[in-house]
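Student: Let me give you the structure first, and then I'll get to my questions.
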Amino acid sequence: MAQFVVPALRLTGKAGKVKIATFNGTPFVLDYIQQGLVDIDIGESLDWIAYATIDGHLRDLCGLKSPAALNVPLYIFDKTNAKDAGTPASFDTGYGDSYKSGFRKLWGLE
């Protein structure tokens, strides 16, 4: 909803006076952080979620115990690290990628 909040704050003269915090790691919002229009965003890697979901489903298919939760971490983007998502920001950037080799090792592929 930041796409509607930012212009509304500009129109009402409240830009810079009202803090904006969001969730999802949406690239345009991460760009807003880089521009100083949004303060923080709590993001999650969709790719990491996909790996964890596939892991759970494959465990189910194999008759193994599946984790009760995906255990995918959240990442707080702010003005100090929003550029880690790229400029312009893109999906699944800024979270690192060690989970890929971790899952590959877990699955016996490395």
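Order determines the names: the first chain of the structure tokens is A, the second B, and so forth; residues in each chain are numbered 1 upward, and ligands are numbered 1 upward as they are shown.
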I'd like the neighbourhood of Gly94 in chain A as JSON, numbers by chain, where a residue qualifies if any of its atoms comes within 12 Å (using only C-alpha atoms), though same-chain residues fewer than 4 positions away should be ignored.
Tutor: {"A": [25, 26, 27, 30, 42, 43, 44, 45, 46, 47, 48, 74, 75, 76, 77, 78, 81, 82, 83, 84, 85, 86, 87, 89, 90, 98]}
Student: I need the residues in chain A that are helix (DSSP H, G or I) according to DSSP; give them as a PDB file with C-alpha atoms, in the first residue's frame.
Tutor:
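New file selection-v4.pdb:
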```pdb
ATOM      1  CA  ALA A   2       3.052   2.271   0.119  1.00  0.00           C
ATOM      2  CA  GLN A   3       2.379   3.166  -3.514  1.00  0.00           C
ATOM      3  CA  PHE A   4      -0.720   5.007  -2.276  1.00  0.00           C
ATOM      4  CA  VAL A   5       0.606   6.227   1.074  1.00  0.00           C
ATOM      5  CA  VAL A   6       3.661   8.053  -0.304  1.00  0.00           C
ATOM      6  CA  PRO A   7       1.643  10.304  -2.677  1.00  0.00           C
ATOM      7  CA  ALA A   8      -1.010  10.885   0.005  1.00  0.00           C
ATOM      8  CA  LEU A   9       1.636  12.114   2.435  1.00  0.00           C
ATOM      9  CA  ARG A  10       3.053  14.405  -0.242  1.00  0.00           C
ATOM     10  CA  LEU A  11      -0.396  15.865  -0.987  1.00  0.00           C
ATOM     11  CA  PRO A  27      11.313  -3.905  -5.273  1.00  0.00           C
ATOM     12  CA  PHE A  28       9.613  -0.530  -5.787  1.00  0.00           C
ATOM     13  CA  VAL A  29       9.304  -0.119  -2.005  1.00  0.00           C
ATOM     14  CA  LEU A  30      13.010  -0.894  -1.604  1.00  0.00           C
ATOM     15  CA  ASP A  31      13.614   1.826  -4.204  1.00  0.00           C
ATOM     16  CA  TYR A  32      11.470   4.157  -2.070  1.00  0.00           C
ATOM     17  CA  ILE A  33      13.746   3.406   0.897  1.00  0.00           C
ATOM     18  CA  GLN A  34      16.772   4.320  -1.205  1.00  0.00           C
ATOM     19  CA  GLN A  35      15.018   7.580  -2.125  1.00  0.00           C
ATOM     20  CA  LEU A  46      10.526 -15.820  -2.425  1.00  0.00           C
ATOM     21  CA  ASP A  47      13.238 -18.106  -3.794  1.00  0.00           C
ATOM     22  CA  TRP A  48      14.237 -19.194  -0.272  1.00  0.00           C
ATOM     23  CA  ILE A  49      10.566 -19.859   0.510  1.00  0.00           C
ATOM     24  CA  ALA A  50      10.349 -22.007  -2.640  1.00  0.00           C
ATOM     25  CA  TYR A  51      13.365 -24.097  -1.612  1.00  0.00           C
ATOM     26  CA  ALA A  52      11.928 -24.630   1.881  1.00  0.00           C
ATOM     27  CA  THR A  53       8.497 -25.511   0.487  1.00  0.00           C
ATOM     28  CA  ILE A  54       9.934 -28.041  -1.961  1.00  0.00           C
ATOM     29  CA  ASP A  55      12.003 -29.546   0.858  1.00  0.00           C
ATOM     30  CA  GLY A  56       8.863 -30.037   2.958  1.00  0.00           C
ATOM     31  CA  HIS A  57       6.855 -31.562   0.094  1.00  0.00           C
ATOM     32  CA  LEU A  58       9.671 -33.925  -0.878  1.00  0.00           C
ATOM     33  CA  ARG A  59       9.952 -35.062   2.741  1.00  0.00           C
ATOM     34  CA  ASP A  60       6.200 -35.765   2.733  1.00  0.00           C
ATOM     35  CA  LEU A  61       6.495 -37.746  -0.518  1.00  0.00           C
ATOM     36  CA  ALA A  82      18.459  -1.131   0.894  1.00  0.00           C
ATOM     37  CA  LYS A  83      21.079  -0.843  -1.863  1.00  0.00           C
ATOM     38  CA  ASP A  84      21.884  -4.530  -1.234  1.00  0.00           C
ATOM     39  CA  ALA A  85      18.666  -5.235  -3.163  1.00  0.00           C
ATOM     40  CA  SER A  98      23.921 -19.548   1.097  1.00  0.00           C
ATOM     41  CA  TYR A  99      20.577 -21.306   1.509  1.00  0.00           C
ATOM     42  CA  LYS A 100      20.986 -22.730  -2.012  1.00  0.00           C
ATOM     43  CA  SER A 101      24.177 -24.618  -1.238  1.00  0.00           C
ATOM     44  CA  GLY A 102      22.752 -25.490   2.198  1.00  0.00           C
ATOM     45  CA  PHE A 103      19.729 -27.208   0.658  1.00  0.00           C
ATOM     46  CA  ARG A 104      21.837 -28.850  -2.048  1.00  0.00           C
ATOM     47  CA  LYS A 105      24.117 -30.259   0.636  1.00  0.00           C
ATOM     48  CA  LEU A 106      21.099 -31.369   2.717  1.00  0.00           C
TER      49      LEU A 106
END
```
Student: Would you mind reading off the distance between CA of Ala15 in chain A and CA of Leu37 in chain A, one decimal, in Å?
Tutor: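 Going from CA of Ala15 in chain A over to CA of Leu37 in chain A covers 7.7 Å.
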Student: So that I can check the secondary structure, give me every residue of chain A assigned strand (DSSP E) by backbone DSSP, as a list in words.
Tutor: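 Answer for chain A restricted to strand (DSSP E) is Ala21, Thr22, Phe23, Asn24, Ile40, Asp41, Ile42, Gly43, Tyr75, Ile76 and Phe77 of chain A.
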